[in-house]
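**Q** This one is input_18.pdb, PDB, C-alpha atoms.
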```pdb
MODEL        1
ATOM      1  CA  GLY R1038     -20.200   2.033   8.675
ATOM      2  CA  GLY R1039     -21.865   4.863   6.807
ATOM      3  CA  GLY R1040     -23.722   2.423   4.563
ATOM      4  CA  ILE R1041     -23.371  -1.025   6.174
ATOM      5  CA  ALA R1042     -21.996  -2.268   9.495
ATOM      6  CA  SER R1043     -21.428  -6.024   9.541
ATOM      7  CA  GLY R1044     -19.411  -8.330  11.726
ATOM      8  CA  THR R1045     -19.071  -9.876  15.139
ATOM      9  CA  PHE R1046     -20.582  -7.507  17.687
ATOM     10  CA  GLY R1047     -21.199 -10.043  20.438
ATOM     11  CA  PRO R1048     -20.461 -13.617  21.563
ATOM     12  CA  ASN R1049     -23.178 -15.327  19.504
ATOM     13  CA  GLY R1050     -21.613 -16.196  16.155
ATOM     14  CA  THR R1051     -19.662 -14.440  13.426
ATOM     15  CA  GLY R1052     -21.221 -11.897  11.095
ATOM     16  CA  SER R1053     -21.390 -12.643   7.369
ATOM     17  CA  LEU R1054     -22.120 -10.218   4.524
ATOM     18  CA  THR R1055     -22.503 -10.965   0.799
ATOM     19  CA  LEU R1056     -23.272  -8.336  -1.847
ATOM     20  CA  ASN R1057     -24.088  -9.413  -5.400
ATOM     21  CA  ASN R1058     -24.463  -6.968  -8.304
ATOM     22  CA  SER R1059     -24.937  -4.121  -5.849
ATOM     23  CA  ALA R1060     -23.836  -0.553  -5.105
ATOM     24  CA  VAL R1061     -22.848   1.147  -1.834
ATOM     25  CA  THR R1062     -22.557   4.801  -2.775
ATOM     26  CA  ASP R1063     -22.731   8.333  -1.343
ATOM     27  CA  ASN R1064     -22.682   7.305   2.315
ATOM     28  CA  SER R1065     -20.916   9.052   5.183
ATOM     29  CA  SER R1066     -19.497   8.074   8.564
ATOM     30  CA  PRO R1067     -18.369  11.474   9.821
ATOM     31  CA  GLY R1068     -17.417  10.493  13.366
ATOM     32  CA  THR R1069     -17.438  12.438  16.630
ATOM     33  CA  GLY R1070     -13.704  12.669  17.209
ATOM     34  CA  ASN R1071     -13.713   9.754  19.674
ATOM     35  CA  GLY R1072     -12.105   7.178  17.383
ATOM     36  CA  ASP R1073     -15.278   6.415  15.434
ATOM     37  CA  GLY R1074     -16.132   7.485  11.894
ATOM     38  CA  THR R1075     -14.607   4.480  10.102
ATOM     39  CA  GLY R1076     -15.825   2.788   6.943
ATOM     40  CA  GLY R1077     -17.639   5.444   4.953
ATOM     41  CA  GLY R1078     -19.293   2.730   2.872
ATOM     42  CA  ILE R1079     -18.856  -0.546   4.789
ATOM     43  CA  VAL R1080     -17.389  -1.696   8.107
ATOM     44  CA  ASN R1081     -16.585  -5.402   8.475
ATOM     45  CA  LEU R1082     -15.633  -6.024  12.115
ATOM     46  CA  GLN R1083     -14.149  -9.489  12.704
ATOM     47  CA  GLY R1084     -16.608 -11.013  10.243
ATOM     48  CA  THR R1085     -16.672 -12.309   6.675
ATOM     49  CA  ALA R1086     -17.592 -10.017   3.771
ATOM     50  CA  ARG R1087     -17.762 -10.920   0.081
ATOM     51  CA  LEU R1088     -18.483  -8.454  -2.713
ATOM     52  CA  ASN R1089     -19.322  -9.852  -6.152
ATOM     53  CA  PHE R1090     -19.773  -7.524  -9.125
ATOM     54  CA  THR R1091     -20.342  -4.672  -6.675
ATOM     55  CA  ARG R1092     -19.315  -1.018  -6.519
ATOM     56  CA  VAL R1093     -18.385   0.942  -3.363
ATOM     57  CA  ALA R1094     -18.031   4.554  -4.445
ATOM     58  CA  ASP R1095     -18.186   8.203  -3.361
ATOM     59  CA  ASN R1096     -18.301   7.437   0.363
ATOM     60  CA  PHE R1097     -16.730   9.509   3.163
ATOM     61  CA  ALA R1098     -15.142   8.605   6.505
ATOM     62  CA  GLY R1099     -14.227  11.370   8.922
ATOM     63  CA  GLY R1100     -12.512   9.120  11.445
ATOM     64  CA  PRO R1101      -9.271   7.113  11.524
ATOM     65  CA  ALA R1102      -9.899   4.407   8.904
ATOM     66  CA  GLY R1103     -11.372   3.475   5.556
ATOM     67  CA  GLY R1104     -13.108   5.904   3.223
ATOM     68  CA  GLY R1105     -14.728   3.071   1.273
ATOM     69  CA  ILE R1106     -14.335  -0.111   3.334
ATOM     70  CA  SER R1107     -12.884  -0.774   6.783
ATOM     71  CA  ASN R1108     -11.998  -4.412   7.453
ATOM     72  CA  GLY R1109     -10.427  -5.755  10.614
ATOM     73  CA  ASN R1110     -10.255  -5.742  14.348
ATOM     74  CA  TYR R1111     -10.861  -2.223  15.626
ATOM     75  CA  THR R1112     -11.345  -3.177  19.272
ATOM     76  CA  GLY R1113      -7.790  -4.464  19.800
ATOM     77  CA  GLY R1114      -8.902  -7.634  21.523
ATOM     78  CA  SER R1115      -9.005 -11.284  20.571
ATOM     79  CA  GLY R1116     -11.594 -12.856  18.302
ATOM     80  CA  PRO R1117     -12.071 -14.071  14.731
ATOM     81  CA  THR R1118      -9.998 -12.665  11.886
ATOM     82  CA  SER R1119     -11.844 -10.353   9.523
ATOM     83  CA  SER R1120     -11.996 -11.567   5.933
ATOM     84  CA  LEU R1121     -12.863  -9.382   2.935
ATOM     85  CA  THR R1122     -12.992 -10.675  -0.653
ATOM     86  CA  LEU R1123     -13.740  -8.613  -3.749
ATOM     87  CA  ASN R1124     -14.585 -10.395  -6.996
ATOM     88  CA  PHE R1125     -14.995  -8.300 -10.151
ATOM     89  CA  SER R1126     -15.768  -5.254  -8.002
ATOM     90  CA  GLN R1127     -14.776  -1.584  -7.714
ATOM     91  CA  VAL R1128     -13.886   0.666  -4.773
ATOM     92  CA  ASP R1129     -13.719   4.111  -6.358
ATOM     93  CA  ASN R1130     -13.631   7.798  -5.443
ATOM     94  CA  ASN R1131     -13.943   7.386  -1.687
ATOM     95  CA  THR R1132     -12.423   9.870   0.769
ATOM     96  CA  ALA R1133     -10.912   9.677   4.257
ATOM     97  CA  PRO R1134      -9.069  12.962   4.911
ATOM     98  CA  LEU R1135      -7.886  12.031   8.422
ATOM     99  CA  ALA R1136      -7.327   8.309   7.922
ATOM    100  CA  GLY R1137      -5.421   5.521   6.267
ATOM    101  CA  GLY R1138      -7.067   3.625   3.432
ATOM    102  CA  GLY R1139      -8.998   5.951   1.179
ATOM    103  CA  GLY R1140     -10.415   2.940  -0.608
ATOM    104  CA  ILE R1141      -9.802   0.012   1.776
ATOM    105  CA  GLN R1142      -8.304  -0.091   5.247
ATOM    106  CA  ASN R1143      -7.309  -3.528   6.561
ATOM    107  CA  LEU R1144      -6.374  -3.789  10.244
ATOM    108  CA  ALA R1145      -4.950  -7.226  11.106
ATOM    109  CA  GLY R1146      -7.396  -8.911   8.737
ATOM    110  CA  ASP R1147      -7.339 -10.745   5.407
ATOM    111  CA  VAL R1148      -8.170  -8.939   2.153
ATOM    112  CA  THR R1149      -8.236 -10.547  -1.310
ATOM    113  CA  LEU R1150      -8.983  -8.756  -4.582
ATOM    114  CA  ASN R1151      -9.772 -10.793  -7.686
ATOM    115  CA  ALA R1152     -10.131  -8.901 -10.981
ATOM    116  CA  SER R1153     -11.114  -5.773  -9.051
ATOM    117  CA  GLN R1154     -10.223  -2.074  -9.002
ATOM    118  CA  VAL R1155      -9.409   0.377  -6.213
ATOM    119  CA  ASP R1156      -9.169   3.641  -8.138
ATOM    120  CA  GLY R1157      -9.370   7.373  -7.540
ATOM    121  CA  ASN R1158      -9.561   7.317  -3.736
ATOM    122  CA  THR R1159      -8.024   9.906  -1.382
ATOM    123  CA  SER R1160      -6.813   9.728   2.211
ATOM    124  CA  LEU R1161      -4.107  10.949   4.543
ATOM    125  CA  ASN R1162      -2.018   7.836   3.836
ATOM    126  CA  GLY R1163      -2.585   4.620   1.920
ATOM    127  CA  GLY R1164      -4.680   6.464  -0.632
ATOM    128  CA  GLY R1165      -5.871   3.251  -2.273
ATOM    129  CA  ILE R1166      -5.258   0.502   0.304
ATOM    130  CA  SER R1167      -3.741   0.546   3.779
ATOM    131  CA  SER R1168      -3.007  -2.898   5.232
ATOM    132  CA  GLY R1169      -1.240  -3.699   8.481
ATOM    133  CA  ASN R1170      -1.712  -3.822  12.223
ATOM    134  CA  GLY R1171      -1.674  -0.102  12.818
ATOM    135  CA  ASN R1172       0.839   1.989  14.735
ATOM    136  CA  GLY R1173       3.654   0.923  12.436
ATOM    137  CA  GLY R1174       3.046  -2.784  12.911
ATOM    138  CA  ALA R1175       1.500  -3.410  16.310
ATOM    139  CA  SER R1176      -1.940  -2.597  17.692
ATOM    140  CA  GLY R1177      -3.816  -3.755  20.749
ATOM    141  CA  GLY R1178      -1.108  -6.243  21.645
ATOM    142  CA  ALA R1179      -1.433  -8.098  18.322
ATOM    143  CA  PRO R1180       1.848  -9.365  16.885
ATOM    144  CA  PRO R1181       3.203  -7.337  13.968
ATOM    145  CA  GLY R1182       2.729  -8.536  10.436
ATOM    146  CA  THR R1183      -0.489 -10.557  10.800
ATOM    147  CA  SER R1184      -2.469  -8.718   8.121
ATOM    148  CA  GLN R1185      -2.765 -10.434   4.736
ATOM    149  CA  LEU R1186      -3.307  -8.637   1.419
ATOM    150  CA  VAL R1187      -3.570 -10.445  -1.936
ATOM    151  CA  LEU R1188      -4.218  -8.861  -5.343
ATOM    152  CA  ASN R1189      -4.933 -11.063  -8.354
ATOM    153  CA  LEU R1190      -5.470  -9.436 -11.764
ATOM    154  CA  SER R1191      -6.409  -6.205 -10.012
ATOM    155  CA  GLN R1192      -5.691  -2.471 -10.184
ATOM    156  CA  VAL R1193      -4.856   0.209  -7.631
ATOM    157  CA  ASP R1194      -4.717   3.271  -9.873
ATOM    158  CA  GLY R1195      -5.043   7.032  -9.573
ATOM    159  CA  ASN R1196      -5.233   7.257  -5.782
ATOM    160  CA  THR R1197      -3.835  10.104  -3.686
ATOM    161  CA  SER R1198      -2.268  10.459  -0.240
ATOM    162  CA  THR R1199      -2.251  13.929   1.285
ATOM    163  CA  ALA R1200      -0.165  13.541   4.471
ATOM    164  CA  PRO R1201       2.024  16.588   5.134
ATOM    165  CA  VAL R1202       5.660  16.440   6.156
ATOM    166  CA  PRO R1203       5.584  15.618   9.899
ATOM    167  CA  ALA R1204       7.141  17.841  12.520
ATOM    168  CA  PRO R1205      10.618  16.808  13.747
ATOM    169  CA  GLY R1206      10.391  13.716  15.929
ATOM    170  CA  GLN R1207       6.852  12.902  14.795
ATOM    171  CA  GLY R1208       7.656   9.988  12.492
ATOM    172  CA  PRO R1209       9.044   9.464   8.992
ATOM    173  CA  PRO R1210       7.662  11.367   5.980
ATOM    174  CA  ILE R1211       5.890   8.448   4.290
ATOM    175  CA  ALA R1212       2.341   8.322   2.958
ATOM    176  CA  ALA R1213       1.747   5.752   0.153
ATOM    177  CA  GLY R1214      -0.439   7.072  -2.603
ATOM    178  CA  GLY R1215      -1.406   3.589  -3.822
ATOM    179  CA  ILE R1216      -0.727   0.818  -1.264
ATOM    180  CA  ALA R1217       0.697   0.947   2.261
ATOM    181  CA  ASN R1218       1.677  -2.513   3.563
ATOM    182  CA  GLY R1219       2.830  -3.269   7.079
ATOM    183  CA  GLY R1220       1.964  -6.964   7.070
ATOM    184  CA  ASN R1221       2.134  -9.630   4.376
ATOM    185  CA  ALA R1222       1.176  -8.816   0.790
ATOM    186  CA  VAL R1223       1.269 -10.540  -2.603
ATOM    187  CA  LEU R1224       0.510  -8.921  -5.971
ATOM    188  CA  ARG R1225      -0.054 -11.163  -8.982
ATOM    189  CA  ALA R1226      -0.608  -9.855 -12.518
ATOM    190  CA  SER R1227      -1.769  -6.541 -11.073
ATOM    191  CA  GLN R1228      -0.951  -2.869 -11.512
ATOM    192  CA  VAL R1229      -0.317   0.055  -9.184
ATOM    193  CA  ASP R1230      -0.215   3.000 -11.580
ATOM    194  CA  ASN R1231      -0.677   6.774 -11.621
ATOM    195  CA  ASN R1232      -0.913   7.244  -7.855
ATOM    196  CA  THR R1233       0.299  10.413  -6.129
ATOM    197  CA  ALA R1234       1.818  11.346  -2.784
ATOM    198  CA  THR R1235       1.238  15.095  -2.750
ATOM    199  CA  THR R1236       3.960  16.025  -0.241
ATOM    200  CA  THR R1237       5.725  13.034   1.290
ATOM    201  CA  SER R1238       7.282   9.745   0.148
ATOM    202  CA  GLY R1239       6.135   6.473  -1.403
ATOM    203  CA  ALA R1240       3.774   7.413  -4.212
ATOM    204  CA  GLY R1241       2.997   3.955  -5.573
ATOM    205  CA  ILE R1242       3.759   1.499  -2.758
ATOM    206  CA  VAL R1243       5.166   1.747   0.756
ATOM    207  CA  ASN R1244       6.278  -1.605   2.172
ATOM    208  CA  HIS R1245       7.547  -2.017   5.715
ATOM    209  CA  GLY R1246       6.283  -5.575   6.002
ATOM    210  CA  THR R1247       6.846  -8.462   3.599
ATOM    211  CA  MET R1248       5.718  -8.114  -0.015
ATOM    212  CA  THR R1249       6.087 -10.128  -3.219
ATOM    213  CA  ILE R1250       5.237  -8.612  -6.606
ATOM    214  CA  ASN R1251       4.818 -11.077  -9.495
ATOM    215  CA  TRP R1252       4.091 -10.277 -13.161
ATOM    216  CA  SER R1253       2.889  -6.802 -12.224
ATOM    217  CA  LYS R1254       3.394  -3.121 -13.025
ATOM    218  CA  VAL R1255       4.198  -0.191 -10.748
ATOM    219  CA  ASN R1256       4.265   2.621 -13.297
ATOM    220  CA  HIS R1257       3.821   6.393 -13.580
ATOM    221  CA  ASN R1258       3.436   7.175  -9.880
ATOM    222  CA  THR R1259       4.541  10.567  -8.550
ATOM    223  CA  ALA R1260       5.981  11.750  -5.240
ATOM    224  CA  ALA R1261       5.066  15.308  -6.077
ATOM    225  CA  GLY R1262       6.791  17.213  -3.269
ATOM    226  CA  LYS R1263      10.282  18.650  -3.214
ATOM    227  CA  GLY R1264      13.448  17.512  -1.465
ATOM    228  CA  GLY R1265      14.289  14.349   0.396
ATOM    229  CA  THR R1266      10.898  14.095   2.107
ATOM    230  CA  ALA R1267       9.337  13.411  -1.324
ATOM    231  CA  SER R1268      11.232  10.239  -2.273
ATOM    232  CA  GLY R1269      10.339   6.804  -3.604
ATOM    233  CA  GLY R1270       8.250   7.623  -6.649
ATOM    234  CA  GLY R1271       7.346   4.041  -7.487
ATOM    235  CA  ILE R1272       8.152   2.095  -4.313
ATOM    236  CA  LEU R1273       9.527   2.839  -0.847
ATOM    237  CA  ASN R1274      10.779  -0.270   0.961
ATOM    238  CA  ALA R1275      12.045   0.173   4.533
ATOM    239  CA  ASP R1276      12.979  -1.996   7.500
ATOM    240  CA  ILE R1277      11.461  -0.334  10.555
ATOM    241  CA  SER R1278      11.877  -3.304  12.901
ATOM    242  CA  ALA R1279      14.168  -1.224  15.122
ATOM    243  CA  ILE R1280      11.169   1.036  15.769
ATOM    244  CA  THR R1281       8.300  -1.484  15.930
ATOM    245  CA  GLY R1282      10.002  -4.642  17.160
ATOM    246  CA  ALA R1283       8.661  -6.619  14.179
ATOM    247  CA  THR R1284      10.542  -9.830  13.452
ATOM    248  CA  THR R1285      10.413  -9.171   9.685
ATOM    249  CA  SER R1286      10.195  -5.763   8.074
ATOM    250  CA  GLY R1287      11.054  -4.202   4.735
ATOM    251  CA  VAL R1288      11.444  -7.405   2.697
ATOM    252  CA  LEU R1289      10.417  -6.908  -0.934
ATOM    253  CA  THR R1290      10.776  -9.370  -3.807
ATOM    254  CA  ILE R1291       9.911  -8.337  -7.375
ATOM    255  CA  ASN R1292       9.627 -11.027 -10.065
ATOM    256  CA  TYR R1293       8.974 -10.535 -13.798
ATOM    257  CA  SER R1294       7.614  -7.043 -13.190
ATOM    258  CA  GLN R1295       8.004  -3.400 -14.229
ATOM    259  CA  VAL R1296       8.793  -0.284 -12.220
ATOM    260  CA  ASN R1297       8.727   2.280 -15.010
ATOM    261  CA  GLY R1298       8.069   5.963 -15.543
ATOM    262  CA  ASN R1299       7.804   6.988 -11.891
ATOM    263  CA  SER R1300       9.126  10.258 -10.454
ATOM    264  CA  ALA R1301      10.154  11.746  -7.123
ATOM    265  CA  GLY R1302      11.250  15.180  -6.005
ATOM    266  CA  GLY R1303      13.897  13.625  -3.775
ATOM    267  CA  PHE R1304      15.654  10.248  -3.981
ATOM    268  CA  GLY R1305      14.699   7.004  -5.693
ATOM    269  CA  GLY R1306      12.506   7.842  -8.631
ATOM    270  CA  GLY R1307      11.746   4.168  -9.222
ATOM    271  CA  ILE R1308      12.594   2.578  -5.864
ATOM    272  CA  LEU R1309      13.885   3.941  -2.575
ATOM    273  CA  ASN R1310      15.264   1.036  -0.542
ATOM    274  CA  GLY R1311      15.417   2.258   3.023
ATOM    275  CA  LEU R1312      14.542   5.468   4.740
ATOM    276  CA  PRO R1313      17.197   8.015   5.661
ATOM    277  CA  SER R1314      17.133   8.780   9.369
ATOM    278  CA  PRO R1315      19.304  11.170  11.375
ATOM    279  CA  LYS R1316      19.609   8.551  14.141
ATOM    280  CA  MET R1317      19.667   5.247  12.265
ATOM    281  CA  PRO R1318      19.561   4.151   8.622
ATOM    282  CA  LEU R1319      16.405   2.139   8.000
ATOM    283  CA  GLY R1320      17.543   0.009   5.077
ATOM    284  CA  GLY R1321      15.465  -2.714   3.467
ATOM    285  CA  THR R1322      16.016  -6.027   1.698
ATOM    286  CA  LEU R1323      15.147  -5.722  -1.984
ATOM    287  CA  THR R1324      15.390  -8.495  -4.596
ATOM    288  CA  LEU R1325      14.544  -8.089  -8.294
ATOM    289  CA  ASN R1326      14.384 -11.072 -10.636
ATOM    290  CA  HIS R1327      13.750 -10.819 -14.400
ATOM    291  CA  SER R1328      12.380  -7.306 -14.001
ATOM    292  CA  GLN R1329      12.952  -3.783 -15.293
ATOM    293  CA  VAL R1330      13.351  -0.376 -13.671
ATOM    294  CA  THR R1331      13.249   2.046 -16.570
ATOM    295  CA  ALA R1332      12.597   5.719 -17.383
ATOM    296  CA  ASN R1333      12.158   6.866 -13.791
ATOM    297  CA  SER R1334      13.383  10.233 -12.494
ATOM    298  CA  ALA R1335      14.486  11.730  -9.175
ATOM    299  CA  GLY R1336      15.286  15.305  -8.289
ATOM    300  CA  LEU R1337      18.201  14.484  -5.953
ATOM    301  CA  GLY R1338      19.608  11.190  -7.265
ATOM    302  CA  GLY R1339      18.997   7.522  -7.698
ATOM    303  CA  GLY R1340      16.675   7.917 -10.641
ATOM    304  CA  GLY R1341      16.170   4.154 -10.856
ATOM    305  CA  ILE R1342      17.097   2.855  -7.390
ATOM    306  CA  TYR R1343      18.452   4.640  -4.326
ATOM    307  CA  ASN R1344      19.829   2.312  -1.646
ATOM    308  CA  VAL R1345      20.121   3.749   1.856
ATOM    309  CA  THR R1346      23.074   2.726   4.033
ATOM    310  CA  GLY R1347      22.312  -0.664   5.529
ATOM    311  CA  GLY R1348      20.001  -1.673   2.713
ATOM    312  CA  VAL R1349      20.579  -4.774   0.597
ATOM    313  CA  VAL R1350      19.721  -4.862  -3.117
ATOM    314  CA  SER R1351      20.073  -7.969  -5.299
ATOM    315  CA  LEU R1352      19.527  -7.942  -9.071
ATOM    316  CA  ALA R1353      19.145 -11.072 -11.208
ATOM    317  CA  SER R1354      18.410 -10.803 -14.938
ATOM    318  CA  THR R1355      17.116  -7.299 -14.256
ATOM    319  CA  SER R1356      17.681  -4.093 -16.221
ATOM    320  CA  VAL R1357      17.964  -0.693 -14.554
ATOM    321  CA  THR R1358      18.273   1.666 -17.512
ATOM    322  CA  VAL R1359      17.442   5.094 -18.945
ATOM    323  CA  ASN R1360      16.687   6.659 -15.575
ATOM    324  CA  ASN R1361      17.346  10.321 -14.755
ATOM    325  CA  PRO R1362      19.730  11.691 -13.507
ATOM    326  CA  ASP R1363      21.300   8.241 -13.037
ATOM    327  CA  ASN R1364      20.321   4.619 -12.638
ATOM    328  CA  CYS R1365      21.524   3.791  -9.127
ATOM    329  CA  GLU R1366      23.051   5.422  -6.070
ATOM    330  CA  PRO R1367      25.378   4.510  -4.572
ATOM    331  CA  THR R1368      26.436   2.220  -7.405
ATOM    332  CA  ALA R1369      28.939   0.356  -5.247
ATOM    333  CA  SER R1370      26.109  -0.938  -3.033
ATOM    334  CA  ILE R1371      24.085  -2.411  -5.942
ATOM    335  CA  ALA R1372      25.976  -5.091  -7.854
ATOM    336  CA  GLY R1373      25.063  -5.189 -11.535
ATOM    337  CA  CYS R1374      23.703  -1.649 -11.652
ATOM    338  CA  PHE R1375      25.672   1.068 -13.378
ATOM    339  CA  GLY R1376      25.298   4.813 -12.995
TER     340      GLY R1376
ENDMDL
END
```
As structure tokens - that is how I would like this structure written.

**A**
Amino acid sequence: GGGIASGTFGPNGTGSLTLNNSAVTDNSSPGTGNGDGTGGGIVNLQGTARLNFTRVADNFAGGPAGGGISNGNYTGGSGPTSSLTLNFSQVDNNTAPLAGGGGIQNLAGDVTLNASQVDGNTSLNGGGISSGNGNGGASGGAPPGTSQLVLNLSQVDGNTSTAPVPAPGQGPPIAAGGIANGGNAVLRASQVDNNTATTTSGAGIVNHGTMTINWSKVNHNTAAGKGGTASGGGILNADISAITGATTSGVLTINYSQVNGNSAGGFGGGILNGLPSPKMPLGGTLTLNHSQVTANSAGLGGGGIYNVTGGVVSLASTSVTVNNPDNCEPTASIAGCFG
């Protein structure tokens, strides 16, 4: 907590923090290399934090989580669930070069954004928001998928993830420029636009938990690298339950929404459903209702949607059109989508 540390630090009650019409700016939590250095602006540890008409900006975290705000359970034990609510607030231009969550990192907690913005942040992965239980879905013995993320009328725009392509055997090449979700997430009337993954995959959103996107936009995101490791320009949805043991993973439902104008150097300019693996295909379950996937591009194929072997894609009243070099690959695996 470079600026503020709030939460439950002992057995006598739960910490509570409220900021009204305030600013938490230009703070630093550099860390010592021993797992500290989280929450450049604010740490909320198993407490309740509410930000109203407040800005958290230009903060730095040198440790493993949260350039702007770290929310959650960082001790791995039992205790109250951390709760963070932003109302008409901004989390902008924060940096966490070695961490997830340039703007906000949520570890097994609850985060709700109402009419708020998480813009222009930078981190190793989850440039805007990283939400999950850590370690691909499980941390400290907690069951996978307990984190909750809700966006209402909010923006996650112009964020950047900088994770390099990992060495062989060191994990998949995914980073999430905008939002990384490993738990439960719901987006309502929100936008995830103009985010960038500089080298690896999932520029706008990476989902390996359960996510529903309603009346929202995921537009003009860029997986800027080259080849298959830079795939999923708008969204990467993957079932990694075989790795983490999660009961539910890689389930994404998109209703009345847009995935337009995204690009990737590899596969799936709009959406990559699944993650190619030399040992096992990590497909996902993707459903689009009354939505559009338009004007996306991919360097290697699947300009609109690329469906990895084992993935399931269902389209209902949805258009996948004017994508480059094609709309879907393989077309036989996506009923109602034509090359």

**Q** To test your reading of the syntax: which residues would the PyMOL selection byres ((chain R and resi 1358) around 9) return for the file shown? Reply as a PyMOL selection string.

**A** chain R and resi 1329-1333+1341+1356-1357+1359-1360+1363-1364+1374-1376

**Q** Rank R:Thr1183, R:Thr1290, R:Leu1161, R:Gly1195 by their smallest atom-to-atom distance to Pro1210 (chain R), using only C-alpha atoms, and report the top residue only.

**A**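 Under the stated criterion, the closest residue is R:Leu1161.
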
**Q** Any idea what's packed within 7 Å of Thr1285 (chain R), counting only C-alpha atoms, ignoring anything in its chain fewer than 2 positions away? Could you give it as a PyMOL selection string?

**A** chain R and resi 1246+1278+1283

**Q** Please write the residues picked by the PyMOL selection byres ((chain R and resi 1345-1354) around 6) on this file as a ChimeraX atom specification.

**A** /R:1311,1318,1320-1327,1344,1355,1371

**Q** Could you give me, as a tab-separated table, a per-residue list for region 1190-1263 of chain R showing, wherever an atom lies at most 10 Å from an atom of region 1137-1159 of chain R, the closest pair of atoms and their distance in Å to one decimal, using all atoms listed in the file and sorting by chain then residue number from low to high?

**A**
```
residue	atom	partner	partner_atom	distance
R:Leu1190	CA	R:Ala1152	CA	4.8
R:Ser1191	CA	R:Ala1152	CA	4.7
R:Gln1192	CA	R:Gln1154	CA	4.7
R:Val1193	CA	R:Val1155	CA	4.8
R:Asp1194	CA	R:Asp1156	CA	4.8
R:Gly1195	CA	R:Gly1157	CA	4.8
R:Asn1196	CA	R:Gly1157	CA	4.5
R:Thr1197	CA	R:Thr1159	CA	4.8
R:Ser1198	CA	R:Thr1159	CA	5.9
R:Thr1199	CA	R:Thr1159	CA	7.5
R:Ala1200	CA	R:Gly1137	CA	9.8
R:Ala1212	CA	R:Gly1137	CA	8.9
R:Ala1213	CA	R:Gly1137	CA	9.4
R:Gly1214	CA	R:Thr1159	CA	8.2
R:Gly1215	CA	R:Asp1156	CA	8.9
R:Ile1216	CA	R:Gly1138	CA	8.4
R:Ala1217	CA	R:Gly1138	CA	8.3
R:Asn1218	CA	R:Asn1143	CA	9.5
R:Gly1219	CA	R:Ala1145	CA	9.6
R:Gly1220	CA	R:Ala1145	CA	8.0
R:Asn1221	CA	R:Asp1147	CA	9.6
R:Ala1222	CA	R:Val1148	CA	9.4
R:Val1223	CA	R:Thr1149	CA	9.6
R:Leu1224	CA	R:Leu1150	CA	9.6
R:Arg1225	CA	R:Asn1151	CA	9.8
R:Ala1226	CA	R:Ala1152	CA	9.7
R:Ser1227	CA	R:Ala1152	CA	8.7
R:Gln1228	CA	R:Gln1154	CA	9.6
R:Val1229	CA	R:Val1155	CA	9.6
R:Asp1230	CA	R:Asp1156	CA	9.6
R:Asn1231	CA	R:Gly1157	CA	9.6
R:Asn1232	CA	R:Gly1157	CA	8.5
R:Thr1233	CA	R:Thr1159	CA	9.6
```

**Q** So the first atom is CA of Ala1234 (chain R) and the second is CA of Ile1280 (chain R); what is the distance between them in Å, to one decimal place?

**A** 23.2 Å

**Q** Here's a test: counting only C-alpha atoms, identify every protein, DNA and RNA residue with an atom at most 9 Å from (19.4, 7.1, -0.3) in the file's coordinate frame, and state them as an MDAnalysis selection string.

**A** chainID R and resid 1265 1268 1304:1305 1309:1313 1338:1339 1342:1346 1366:1367

**Q** Have a look at CA of Pro1067 (chain R) and CA of Phe1097 (chain R) and let me know their distance in Å, one decimal.

**A**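 Value for the CA of Pro1067 (chain R)-CA of Phe1097 (chain R) distance: 7.1 Å.
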
**Q** List the neighbours of His1257 (chain R) out to 8 Å using all atoms listed in the file; skip same-chain residues closer than 2 positions along the sequence, and give me the result as a list in words.

**A**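 Contacts, with the query itself left out: Asp1230, Asn1231, Asn1232, Val1255, Thr1259, Gly1271, Asn1297, Gly1298, Asn1299 and Ser1300 of chain R.
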
**Q** Between R:Leu1056, R:Leu1319, R:Ile1272, R:Ala1267, which residue has the minimum interatomic distance to Ser1286 (chain R), considering only C-alpha atoms?

**A** R:Leu1319

**Q** Just the number, please: distance in Å from CA of Leu1289 (chain R) to CA of Ser1328 (chain R), one decimal.

**A**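 That distance, rounded to one decimal, is 13.2 Å.
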
**Q** Pick out the closest residue to Asn1170 (chain R) from this set: R:Pro1048, R:Pro1205, R:Pro1117, R:Gly1109. Count only C-alpha atoms.

**A** R:Gly1109

**Q** Expand the PyMOL selection byres ((chain R and resi 1120) around 7) into the explicit residue set it covers here, and present it as an mmCIF file with C-alpha atoms, in the coordinates of the input.

**A**
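Output saved as part13.cif:
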```cif
data_model
loop_
_atom_site.group_PDB
_atom_site.id
_atom_site.type_symbol
_atom_site.label_atom_id
_atom_site.label_comp_id
_atom_site.auth_asym_id
_atom_site.auth_seq_id
_atom_site.Cartn_x
_atom_site.Cartn_y
_atom_site.Cartn_z
ATOM 1 C CA GLY R 1084 -16.608 -11.013 10.243
ATOM 2 C CA THR R 1085 -16.672 -12.309 6.675
ATOM 3 C CA ALA R 1086 -17.592 -10.017 3.771
ATOM 4 C CA THR R 1118 -9.998 -12.665 11.886
ATOM 5 C CA SER R 1119 -11.844 -10.353 9.523
ATOM 6 C CA LEU R 1121 -12.863 -9.382 2.935
ATOM 7 C CA THR R 1122 -12.992 -10.675 -0.653
ATOM 8 C CA GLY R 1146 -7.396 -8.911 8.737
ATOM 9 C CA ASP R 1147 -7.339 -10.745 5.407
ATOM 10 C CA VAL R 1148 -8.170 -8.939 2.153
#
```

**Q** Would you mind telling me which residue in R:Gly1103, R:Gly1116, R:Gly1068, R:Pro1209 lies nearest to Thr1045 (chain R) when using only C-alpha atoms?

**A** R:Gly1116

**Q** What lies within 9 Å of Gly1077 (chain R) using all atoms listed in the file, ignoring chain neighbours under 2 positions off, as a list in words?

**A**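 With the cut-off at 9 Å, the set is Gly1038, Gly1039, Gly1040, Ile1041, Asp1063, Asn1064, Ser1065, Ser1066, Pro1067, Gly1074, Thr1075, Ile1079, Val1080, Asp1095, Asn1096, Phe1097, Ala1098, Gly1099, Ala1102, Gly1103, Gly1104, Gly1105, Ile1106, Ser1107, Asn1131, Thr1132 and Ala1133 of chain R.
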